[in-house]
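Containing PDB, C-alpha atoms: work-v1.pdb.
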```
ATOM      1  CA  MET A  21      33.506 129.537  74.107
ATOM      2  CA  SER A  22      36.869 130.534  72.656
ATOM      3  CA  ASN A  23      40.022 128.561  73.206
ATOM      4  CA  ARG A  24      43.615 129.052  72.082
ATOM      5  CA  LYS A  25      46.240 126.412  72.662
ATOM      6  CA  LEU A  26      49.989 126.954  72.112
ATOM      7  CA  ASN A  27      52.341 123.986  72.099
ATOM      8  CA  LEU A  28      55.938 124.217  73.271
ATOM      9  CA  GLU A  29      58.458 122.967  70.723
ATOM     10  CA  ASN A  30      59.719 119.515  71.606
ATOM     11  CA  LYS A  31      63.439 120.168  71.645
ATOM     12  CA  ALA A  32      66.287 119.711  74.058
ATOM     13  CA  LEU A  33      66.632 122.624  76.452
ATOM     14  CA  PRO A  34      70.017 123.704  77.827
ATOM     15  CA  GLU A  35      70.876 122.842  81.407
ATOM     16  CA  LEU A  36      71.465 126.041  83.387
ATOM     17  CA  SER A  37      73.942 125.111  86.090
ATOM     18  CA  PHE A  38      74.907 128.521  87.483
ATOM     19  CA  ARG A  39      74.075 128.904  91.177
ATOM     20  CA  LEU A  40      72.567 131.692  93.255
ATOM     21  CA  LEU A  41      74.809 132.651  96.181
ATOM     22  CA  SER A  42      73.102 135.702  97.679
ATOM     23  CA  ILE A  43      70.706 138.601  97.246
ATOM     24  CA  SER A  44      70.867 142.049  98.851
ATOM     25  CA  SER A  45      68.527 145.020  98.845
ATOM     26  CA  SER A  46      70.309 148.313  99.498
ATOM     27  CA  LYS A  47      69.432 151.990  99.661
ATOM     28  CA  TYR A  48      71.851 154.893  99.987
ATOM     29  CA  GLU A  49      71.464 156.737 103.292
ATOM     30  CA  ASN A  50      74.682 158.790 103.445
ATOM     31  CA  ASP A  51      76.498 155.931 105.182
ATOM     32  CA  TRP A  52      78.369 154.229 102.332
ATOM     33  CA  ALA A  53      82.140 153.886 102.433
ATOM     34  CA  SER A  54      82.587 153.405  98.707
ATOM     35  CA  PHE A  55      85.833 151.809  97.502
ATOM     36  CA  PRO A  56      86.756 149.609  94.516
ATOM     37  CA  HIS A  57      86.421 145.899  95.174
ATOM     38  CA  SER A  58      85.854 142.645  93.301
ATOM     39  CA  HIS A  59      84.354 139.222  93.961
ATOM     40  CA  GLN A  60      85.018 135.616  92.992
ATOM     41  CA  PHE A  61      81.559 135.495  91.401
ATOM     42  CA  THR A  62      79.342 137.465  89.017
ATOM     43  CA  GLU A  63      77.109 140.226  90.396
ATOM     44  CA  ILE A  64      73.825 141.419  88.864
ATOM     45  CA  PHE A  65      72.519 144.832  89.961
ATOM     46  CA  PHE A  66      68.994 146.104  89.299
ATOM     47  CA  ILE A  67      68.388 149.773  90.087
ATOM     48  CA  LYS A  68      64.881 150.144  91.517
ATOM     49  CA  SER A  69      65.039 153.930  91.805
ATOM     50  CA  GLY A  70      67.441 156.835  92.162
ATOM     51  CA  THR A  71      70.433 157.997  90.159
ATOM     52  CA  GLY A  72      74.181 157.678  90.474
ATOM     53  CA  HIS A  73      77.108 156.042  88.743
ATOM     54  CA  MET A  74      79.312 152.988  88.939
ATOM     55  CA  GLN A  75      83.078 152.941  88.661
ATOM     56  CA  ILE A  76      83.953 149.736  86.771
ATOM     57  CA  GLU A  77      87.682 149.197  86.305
ATOM     58  CA  THR A  78      88.695 152.513  84.642
ATOM     59  CA  GLU A  79      85.235 153.477  83.324
ATOM     60  CA  THR A  80      82.534 155.590  84.951
ATOM     61  CA  VAL A  81      79.009 154.542  83.989
ATOM     62  CA  PRO A  82      75.794 156.432  84.894
ATOM     63  CA  VAL A  83      72.926 154.365  86.326
ATOM     64  CA  GLU A  84      69.273 155.138  87.008
ATOM     65  CA  ALA A  85      65.966 153.400  87.616
ATOM     66  CA  ASN A  86      65.598 150.173  85.573
ATOM     67  CA  SER A  87      69.333 149.911  84.851
ATOM     68  CA  LEU A  88      70.720 146.386  84.941
ATOM     69  CA  VAL A  89      74.447 146.116  85.637
ATOM     70  CA  LEU A  90      76.174 142.767  85.123
ATOM     71  CA  ILE A  91      79.692 142.566  86.542
ATOM     72  CA  GLY A  92      81.906 139.507  86.035
ATOM     73  CA  ALA A  93      84.166 137.854  88.585
ATOM     74  CA  GLN A  94      87.345 139.750  89.542
ATOM     75  CA  VAL A  95      86.170 142.998  87.888
ATOM     76  CA  LEU A  96      86.927 145.999  90.122
ATOM     77  CA  HIS A  97      83.874 148.148  90.767
ATOM     78  CA  THR A  98      82.089 150.386  93.238
ATOM     79  CA  GLU A  99      78.879 152.390  93.225
ATOM     80  CA  PHE A 100      78.176 156.058  93.972
ATOM     81  CA  SER A 101      74.748 157.595  94.676
ATOM     82  CA  ASP A 102      73.320 161.022  94.000
ATOM     83  CA  SER A 103      72.629 162.303  97.523
ATOM     84  CA  THR A 104      69.476 164.131  96.367
ATOM     85  CA  ASP A 105      68.071 161.120  94.499
ATOM     86  CA  PRO A 106      69.475 158.125  96.383
ATOM     87  CA  LEU A 107      70.067 154.775  94.722
ATOM     88  CA  ASP A 108      67.825 151.910  95.780
ATOM     89  CA  TYR A 109      68.780 148.577  94.232
ATOM     90  CA  PHE A 110      68.940 144.789  94.346
ATOM     91  CA  VAL A 111      72.156 142.853  93.782
ATOM     92  CA  LEU A 112      72.553 139.111  93.209
ATOM     93  CA  GLY A 113      75.723 137.051  93.633
ATOM     94  CA  VAL A 114      75.883 134.215  91.072
ATOM     95  CA  GLU A 115      78.477 131.454  90.831
ATOM     96  CA  GLY A 116      79.373 129.628  87.619
ATOM     97  CA  LEU A 117      78.144 132.370  85.262
ATOM     98  CA  LYS A 118      80.327 134.329  82.823
ATOM     99  CA  ILE A 119      78.958 137.393  81.060
ATOM    100  CA  ASN A 120      80.035 137.742  77.416
ATOM    101  CA  THR A 121      80.367 141.290  76.088
ATOM    102  CA  ASP A 122      82.578 143.134  73.629
ATOM    103  CA  ARG A 123      84.561 144.814  76.452
ATOM    104  CA  PRO A 124      87.932 143.639  77.818
ATOM    105  CA  ALA A 125      86.468 143.753  81.329
ATOM    106  CA  GLU A 126      83.493 141.455  81.736
ATOM    107  CA  TYR A 127      80.591 143.773  82.421
ATOM    108  CA  SER A 128      77.469 145.039  80.705
ATOM    109  CA  ILE A 129      74.928 147.817  81.294
ATOM    110  CA  VAL A 130      71.406 147.041  80.089
ATOM    111  CA  ASN A 131      68.375 149.345  80.054
ATOM    112  CA  ALA A 132      65.549 147.116  81.274
ATOM    113  CA  SER A 133      62.714 149.642  80.949
ATOM    114  CA  VAL A 134      60.753 147.565  78.420
ATOM    115  CA  ASN A 135      60.428 144.470  80.608
ATOM    116  CA  SER A 136      61.336 145.979  83.972
ATOM    117  CA  ALA A 137      58.197 144.599  85.631
ATOM    118  CA  SER A 138      59.156 140.992  84.812
ATOM    119  CA  ILE A 139      62.774 141.523  85.785
ATOM    120  CA  ARG A 140      61.891 143.273  89.043
ATOM    121  CA  LEU A 141      59.454 140.473  89.850
ATOM    122  CA  CYS A 142      62.310 137.939  89.649
ATOM    123  CA  PHE A 143      64.420 139.926  92.116
ATOM    124  CA  GLU A 144      61.496 140.502  94.486
ATOM    125  CA  SER A 145      60.477 136.837  94.342
ATOM    126  CA  ILE A 146      64.016 135.680  95.116
ATOM    127  CA  LEU A 147      64.232 138.106  98.052
ATOM    128  CA  ARG A 148      60.860 136.975  99.391
ATOM    129  CA  GLU A 149      61.787 133.286  99.138
ATOM    130  CA  MET A 150      65.149 133.885 100.817
ATOM    131  CA  HIS A 151      63.403 135.691 103.690
ATOM    132  CA  SER A 152      60.703 133.056 104.159
ATOM    133  CA  ARG A 153      62.991 130.005 103.982
ATOM    134  CA  GLN A 154      59.976 127.826 103.295
ATOM    135  CA  ASP A 155      60.276 124.322 101.867
ATOM    136  CA  CYS A 156      61.950 124.228  98.442
ATOM    137  CA  HIS A 157      62.897 127.925  98.650
ATOM    138  CA  ALA A 158      66.405 127.256  97.255
ATOM    139  CA  GLU A 159      65.016 125.448  94.205
ATOM    140  CA  ILE A 160      62.426 128.182  93.614
ATOM    141  CA  CYS A 161      65.101 130.892  93.855
ATOM    142  CA  GLN A 162      67.261 129.002  91.384
ATOM    143  CA  HIS A 163      64.373 128.850  88.882
ATOM    144  CA  TYR A 164      63.687 132.572  89.260
ATOM    145  CA  LEU A 165      67.382 133.201  88.608
ATOM    146  CA  ALA A 166      67.245 131.130  85.421
ATOM    147  CA  ILE A 167      64.233 133.132  84.219
ATOM    148  CA  LEU A 168      66.035 136.372  85.031
ATOM    149  CA  ILE A 169      69.164 135.399  83.084
ATOM    150  CA  LEU A 170      67.117 134.425  80.031
ATOM    151  CA  LEU A 171      65.166 137.707  80.180
ATOM    152  CA  ILE A 172      68.436 139.660  80.383
ATOM    153  CA  CYS A 173      69.888 137.800  77.406
ATOM    154  CA  ARG A 174      67.003 138.988  75.247
ATOM    155  CA  LYS A 175      68.485 142.477  75.519
ATOM    156  CA  ASP A 176      71.286 144.146  73.573
ATOM    157  CA  HIS A 177      73.003 140.957  72.418
ATOM    158  CA  VAL A 178      74.092 140.062  75.942
ATOM    159  CA  SER A 179      75.049 136.406  76.236
ATOM    160  CA  TYR A 180      76.419 134.146  78.910
ATOM    161  CA  GLU A 181      78.330 130.923  79.306
ATOM    162  CA  LEU A 182      78.621 128.466  82.141
ATOM    163  CA  VAL A 183      81.983 128.121  83.851
ATOM    164  CA  ASP A 184      83.246 125.662  86.402
ATOM    165  CA  PRO A 185      83.662 127.780  89.563
ATOM    166  CA  GLN A 186      86.490 125.509  90.698
ATOM    167  CA  ASN A 187      88.443 125.039  87.492
ATOM    168  CA  GLY A 188      87.436 127.977  85.325
ATOM    169  CA  SER A 189      89.301 130.542  87.380
ATOM    170  CA  ARG A 190      89.854 133.720  85.395
ATOM    171  CA  GLU A 191      92.263 135.092  87.977
ATOM    172  CA  CYS A 192      94.442 131.966  87.791
ATOM    173  CA  ARG A 193      94.710 132.296  84.025
ATOM    174  CA  ARG A 194      95.676 135.929  84.545
ATOM    175  CA  ALA A 195      98.342 134.926  87.078
ATOM    176  CA  LYS A 196      99.729 132.275  84.728
ATOM    177  CA  ARG A 197      99.948 134.741  81.861
ATOM    178  CA  TYR A 198     101.606 137.323  84.117
ATOM    179  CA  ILE A 199     104.259 134.795  85.160
ATOM    180  CA  GLU A 200     104.974 133.849  81.551
ATOM    181  CA  GLU A 201     105.386 137.487  80.515
ATOM    182  CA  ASN A 202     107.290 138.770  83.574
ATOM    183  CA  TYR A 203     109.246 135.789  84.949
ATOM    184  CA  GLN A 204     112.508 137.761  84.840
ATOM    185  CA  ASP A 205     111.147 140.254  87.397
ATOM    186  CA  LYS A 206     111.001 139.818  91.168
ATOM    187  CA  ILE A 207     107.738 137.953  91.797
ATOM    188  CA  THR A 208     106.415 136.682  95.117
ATOM    189  CA  LEU A 209     103.110 135.001  95.900
ATOM    190  CA  GLY A 210     102.026 138.229  97.574
ATOM    191  CA  SER A 211     102.879 140.460  94.626
ATOM    192  CA  LEU A 212     101.244 138.025  92.210
ATOM    193  CA  ALA A 213      98.063 137.948  94.298
ATOM    194  CA  ASP A 214      98.049 141.753  94.513
ATOM    195  CA  ASN A 215      98.415 141.986  90.735
ATOM    196  CA  CYS A 216      95.362 139.744  90.332
ATOM    197  CA  ASN A 217      93.367 141.468  93.124
ATOM    198  CA  ILE A 218      92.855 138.270  95.140
ATOM    199  CA  THR A 219      94.202 136.812  98.356
ATOM    200  CA  LYS A 220      97.364 134.719  98.509
ATOM    201  CA  TYR A 221      95.454 131.753  99.927
ATOM    202  CA  TYR A 222      92.801 131.816  97.199
ATOM    203  CA  LEU A 223      95.381 132.162  94.416
ATOM    204  CA  SER A 224      97.580 129.366  95.765
ATOM    205  CA  HIS A 225      94.660 126.993  96.289
ATOM    206  CA  GLN A 226      92.894 127.661  92.986
ATOM    207  CA  PHE A 227      96.082 127.755  90.887
ATOM    208  CA  THR A 228      97.256 124.424  92.311
ATOM    209  CA  GLU A 229      93.872 122.831  91.702
ATOM    210  CA  LEU A 230      93.719 124.147  88.144
ATOM    211  CA  TYR A 231      97.319 123.518  87.019
ATOM    212  CA  GLY A 232      98.564 120.834  89.413
ATOM    213  CA  LYS A 233     101.327 123.004  90.882
ATOM    214  CA  SER A 234     101.628 126.146  92.981
ATOM    215  CA  PRO A 235     102.156 129.586  91.365
ATOM    216  CA  ILE A 236     105.739 129.722  92.677
ATOM    217  CA  ALA A 237     106.483 126.200  91.406
ATOM    218  CA  TYR A 238     105.179 127.249  87.991
ATOM    219  CA  LEU A 239     107.276 130.430  88.120
ATOM    220  CA  THR A 240     110.388 128.335  88.817
ATOM    221  CA  GLU A 241     109.480 125.990  85.964
ATOM    222  CA  VAL A 242     109.153 128.902  83.522
ATOM    223  CA  ARG A 243     112.477 130.383  84.680
ATOM    224  CA  ILE A 244     114.301 127.051  84.336
ATOM    225  CA  SER A 245     112.862 126.585  80.842
ATOM    226  CA  ALA A 246     114.114 130.047  79.833
ATOM    227  CA  ALA A 247     117.516 129.292  81.395
ATOM    228  CA  LYS A 248     117.800 126.046  79.436
ATOM    229  CA  ASP A 249     117.289 127.958  76.219
ATOM    230  CA  LEU A 250     119.978 130.498  77.151
ATOM    231  CA  LEU A 251     122.405 127.762  78.202
ATOM    232  CA  THR A 252     122.138 126.030  74.851
ATOM    233  CA  THR A 253     121.947 129.029  72.510
ATOM    234  CA  THR A 254     124.233 131.661  74.104
ATOM    235  CA  SER A 255     127.606 131.936  75.762
ATOM    236  CA  HIS A 256     126.281 134.003  78.672
ATOM    237  CA  SER A 257     127.799 133.269  82.071
ATOM    238  CA  ILE A 258     125.846 131.460  84.769
ATOM    239  CA  GLU A 259     125.508 134.736  86.682
ATOM    240  CA  GLU A 260     124.145 136.518  83.599
ATOM    241  CA  ILE A 261     121.643 133.757  82.908
ATOM    242  CA  ALA A 262     120.550 133.705  86.542
ATOM    243  CA  SER A 263     119.979 137.465  86.530
ATOM    244  CA  SER A 264     118.113 137.512  83.211
ATOM    245  CA  THR A 265     115.732 134.737  84.263
ATOM    246  CA  GLY A 266     114.770 136.181  87.641
ATOM    247  CA  PHE A 267     116.974 134.215  90.044
ATOM    248  CA  SER A 268     118.436 136.173  92.942
ATOM    249  CA  SER A 269     121.964 134.805  92.481
ATOM    250  CA  GLY A 270     124.050 132.445  90.396
ATOM    251  CA  SER A 271     124.429 130.027  93.282
ATOM    252  CA  TYR A 272     120.702 129.854  93.948
ATOM    253  CA  PHE A 273     120.086 129.350  90.233
ATOM    254  CA  SER A 274     122.606 126.488  90.093
ATOM    255  CA  GLN A 275     121.129 124.887  93.188
ATOM    256  CA  THR A 276     117.579 125.097  91.809
ATOM    257  CA  PHE A 277     118.620 123.928  88.343
ATOM    258  CA  ARG A 278     120.366 120.850  89.741
ATOM    259  CA  LYS A 279     117.392 120.019  91.956
ATOM    260  CA  ILE A 280     114.970 120.096  89.027
ATOM    261  CA  CYS A 281     117.130 118.855  86.152
ATOM    262  CA  HIS A 282     119.436 116.538  88.156
ATOM    263  CA  VAL A 283     122.520 118.036  86.446
ATOM    264  CA  SER A 284     124.372 121.308  86.894
ATOM    265  CA  PRO A 285     123.822 124.185  84.445
ATOM    266  CA  GLN A 286     127.398 123.651  83.158
ATOM    267  CA  GLN A 287     126.767 119.957  82.518
ATOM    268  CA  TYR A 288     123.466 120.726  80.797
ATOM    269  CA  ARG A 289     125.185 123.269  78.542
ATOM    270  CA  LYS A 290     127.954 120.842  77.652
ATOM    271  CA  THR A 291     125.458 118.125  76.702
ATOM    272  CA  HIS A 292     122.868 120.229  74.889
ATOM    273  CA  ALA A 293     124.746 123.230  73.440
ATOM    274  CA  VAL A 294     123.925 123.998  69.817
ATOM    275  CA  LEU A 295     126.668 126.581  69.304
TER     276      LEU A 295
END
```
Target format structure tokens, applied to this file:
Amino acid sequence: MSNRKLNLENKALPELSFRLLSISSSKYENDWASFPHSHQFTEIFFIKSGTGHMQIETETVPVEANSLVLIGAQVLHTEFSDSTDPLDYFVLGVEGLKINTDRPAEYSIVNASVNSASIRLCFESILREMHSRQDCHAEICQHYLAILILLICRKDHVSYELVDPQNGSRECRRAKRYIEENYQDKITLGSLADNCNITKYYLSHQFTELYGKSPIAYLTEVRISAAKDLLTTTSHSIEEIASSTGFSSGSYFSQTFRKICHVSPQQYRKTHAVL
């Protein structure tokens, strides 16, 4: 009798807290209305067969059998199939997972030919469990997802990090940065949401939860801060300061300034001027 025993190293293993949201199995049948879109979660595509390409932000990327495509939250994308060799693929929706790559947009293309059987098995097992809905199917799916992520991260220096789906909002950080860089322009909640490719409701809710104030309240705060600096370091008129900080009129600026700072712009200038 021959026997070979391998012991697992006794070390702390990381807790994998990302969460499976959905799985789809799709095949092109000349009925796709393809248009760029994004999601609030990460998507993982596995091409079972066929050829085509994906439009990801401004890049066009060819895909074929055994291609893995990892697309981060809020990354614009859409897929196109070769009509003579139609795409057939799985796609997972995963919450709380951030893909780390060397690209500005969070996406990665991985050729999974070497271990395609193991990777495909994870997708097929998740799909089967989701269809059966037997006892413990959610837990089993979650474990298959963890195996899949670890298999993917063996390839091409792909790595991941866990993010809080409630407080780690990439789109809110983008909105905040946009406000700070463009506060002097006309900005509404609608235009800000459009710039970030999300809905007004989602932006308002997530931004408030993350920063403790609404996007428009933060915009006003940034404008008032810029106005304070101009009041104390320049001799610009109230109308000029209002215009250069994004307020629609001098009177509205004065009204807002007094409401927030409890003094008029003129009084603030008199007290704090450094000229």
I'd like to know which of A:Ala166, A:Leu212, A:Leu171, A:Val81 is closest to Thr98 in chain A, using all atoms listed in the file.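 The closest residue to Thr98 in chain A is A:Val81.
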Quick one: everything within 12 Å of Ile169 in chain A, counting all atoms listed in the file, minus sequence neighbours fewer than 2 positions away in the same chain. Send it as a VMD selection string. chain A and resid 36 to 40 62 to 64 88 90 112 114 117 to 119 138 to 139 142 to 143 162 to 167 171 to 175 178 to 182
Output C-alpha atoms for every residue in the selection just made, as a short mmCIF file (atom, residue, chain, number, x, y, z; two decimals), keeping the file's coordinate frame.
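The resulting file, selection22.cif, is reproduced below:
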```cif
data_model
loop_
_atom_site.label_atom_id
_atom_site.label_comp_id
_atom_site.auth_asym_id
_atom_site.auth_seq_id
_atom_site.Cartn_x
_atom_site.Cartn_y
_atom_site.Cartn_z
CA LEU A 36 71.46 126.04 83.39
CA SER A 37 73.94 125.11 86.09
CA PHE A 38 74.91 128.52 87.48
CA ARG A 39 74.08 128.90 91.18
CA LEU A 40 72.57 131.69 93.26
CA THR A 62 79.34 137.46 89.02
CA GLU A 63 77.11 140.23 90.40
CA ILE A 64 73.82 141.42 88.86
CA LEU A 88 70.72 146.39 84.94
CA LEU A 90 76.17 142.77 85.12
CA LEU A 112 72.55 139.11 93.21
CA VAL A 114 75.88 134.22 91.07
CA LEU A 117 78.14 132.37 85.26
CA LYS A 118 80.33 134.33 82.82
CA ILE A 119 78.96 137.39 81.06
CA SER A 138 59.16 140.99 84.81
CA ILE A 139 62.77 141.52 85.78
CA CYS A 142 62.31 137.94 89.65
CA PHE A 143 64.42 139.93 92.12
CA GLN A 162 67.26 129.00 91.38
CA HIS A 163 64.37 128.85 88.88
CA TYR A 164 63.69 132.57 89.26
CA LEU A 165 67.38 133.20 88.61
CA ALA A 166 67.24 131.13 85.42
CA ILE A 167 64.23 133.13 84.22
CA LEU A 171 65.17 137.71 80.18
CA ILE A 172 68.44 139.66 80.38
CA CYS A 173 69.89 137.80 77.41
CA ARG A 174 67.00 138.99 75.25
CA LYS A 175 68.48 142.48 75.52
CA VAL A 178 74.09 140.06 75.94
CA SER A 179 75.05 136.41 76.24
CA TYR A 180 76.42 134.15 78.91
CA GLU A 181 78.33 130.92 79.31
CA LEU A 182 78.62 128.47 82.14
#
```
Interatomic distance between CA of Pro106 in chain A and CA of Gln94 in chain A?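 If I compute the distance from CA of Pro106 in chain A to CA of Gln94 in chain A, I get 26.5 Å.
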Once the PyMOL selection byres ((chain A and resi 264) around 12) has been applied to the shown file, what residues remain in the selection, as number ranges by chain? A: 202-206, 243-244, 246-247, 249-251, 256-263, 265-270, 273
For CA of Lys233 in chain A and CA of Ser271 in chain A, quote the distance in Å rounded to one decimal.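 Pair CA of Lys233 in chain A / CA of Ser271 in chain A returns 24.3 Å.
Once Leu141 in chain A and its same-chain neighbours fewer than 4 positions away are set aside, A:Phe66, A:Lys68, A:Phe110, A:Asn135, A:Ser136, A:Ala137, A:Ser145, A:Ile146, A:Leu147, A:Arg148, A:Glu149, A:Cys161, A:Tyr164, A:Leu165, A:Ile167, A:Leu168, A:Leu171 remain within 12 Å of it when counting all atoms listed in the file.
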Considering all atoms listed in the file, can you say which of A:Tyr222, A:Tyr272, A:Tyr127, A:Tyr48 comes closest to Ile76 in chain A?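 Among A:Tyr222, A:Tyr272, A:Tyr127, A:Tyr48, it is A:Tyr127 that comes nearest to Ile76 in chain A.
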Counting all atoms listed in the file, the option among A:Met150, A:Ile67, A:Ala85, A:Ala195 closest to Ala213 in chain A: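 Of the candidates, the smallest distance to Ala213 in chain A is held by A:Ala195.
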All file atoms of range 229-244 of chain A boxed axis-aligned, 6 Å per side, centre plus edges, as AutoDock Vina command-line options:
```
--center_x 104.0 --center_y 125.6 --center_z 88.3 --size_x 32.6 --size_y 21.6 --size_z 21.5
```
Between CA of Cys281 in chain A and CA of Thr252 in chain A, what is the distance, to one decimal in Å?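 Atom-to-atom, CA of Cys281 in chain A and CA of Thr252 in chain A are spaced 14.3 Å apart.
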When you count all atoms listed in the file, which of these residues is closest to Thr80 in chain A: A:Arg194, A:Ser274, A:Ile129, A:Leu107?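 Checking each of A:Arg194, A:Ser274, A:Ile129, A:Leu107 against Thr80 in chain A, counting all atoms listed in the file, the winner is A:Ile129.
Among A:Phe65, A:Phe55, A:Tyr198, A:Phe227, the residue with the shortest atom-to-atom distance to Val130 in chain A, counting only C-alpha atoms, is A:Phe65.
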Need the shell around His59 in chain A: protein/DNA/RNA residues with any atom at most 12 Å away, counting only C-alpha atoms. Skip same-chain ones fewer than 6 positions apart. Format as a VMD selection string? chain A and resid 41 91 to 98 112 to 115 189 to 191 216 to 219 222
I need the output of the PyMOL selection byres ((chain A and resi 290) around 12) for this file as a PDB file with C-alpha atoms, keeping the file's coordinate frame; which residues are they?
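Result file is expr-v8.pdb:
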```pdb
ATOM      1  CA  LYS A 248     117.800 126.046  79.436  1.00  0.00           C
ATOM      2  CA  LEU A 251     122.405 127.762  78.202  1.00  0.00           C
ATOM      3  CA  THR A 252     122.138 126.030  74.851  1.00  0.00           C
ATOM      4  CA  THR A 253     121.947 129.029  72.510  1.00  0.00           C
ATOM      5  CA  THR A 254     124.233 131.661  74.104  1.00  0.00           C
ATOM      6  CA  SER A 255     127.606 131.936  75.762  1.00  0.00           C
ATOM      7  CA  VAL A 283     122.520 118.036  86.446  1.00  0.00           C
ATOM      8  CA  SER A 284     124.372 121.308  86.894  1.00  0.00           C
ATOM      9  CA  PRO A 285     123.822 124.185  84.445  1.00  0.00           C
ATOM     10  CA  GLN A 286     127.398 123.651  83.158  1.00  0.00           C
ATOM     11  CA  GLN A 287     126.767 119.957  82.518  1.00  0.00           C
ATOM     12  CA  TYR A 288     123.466 120.726  80.797  1.00  0.00           C
ATOM     13  CA  ARG A 289     125.185 123.269  78.542  1.00  0.00           C
ATOM     14  CA  THR A 291     125.458 118.125  76.702  1.00  0.00           C
ATOM     15  CA  HIS A 292     122.868 120.229  74.889  1.00  0.00           C
ATOM     16  CA  ALA A 293     124.746 123.230  73.440  1.00  0.00           C
ATOM     17  CA  VAL A 294     123.925 123.998  69.817  1.00  0.00           C
ATOM     18  CA  LEU A 295     126.668 126.581  69.304  1.00  0.00           C
TER      19      LEU A 295
END
```
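Running the PyMOL selection byres ((chain A and resi 72) around 6) on this file leaves A:Thr71, A:His73, A:Pro82, A:Val83, A:Phe100, A:Ser101, A:Asp102 selected.
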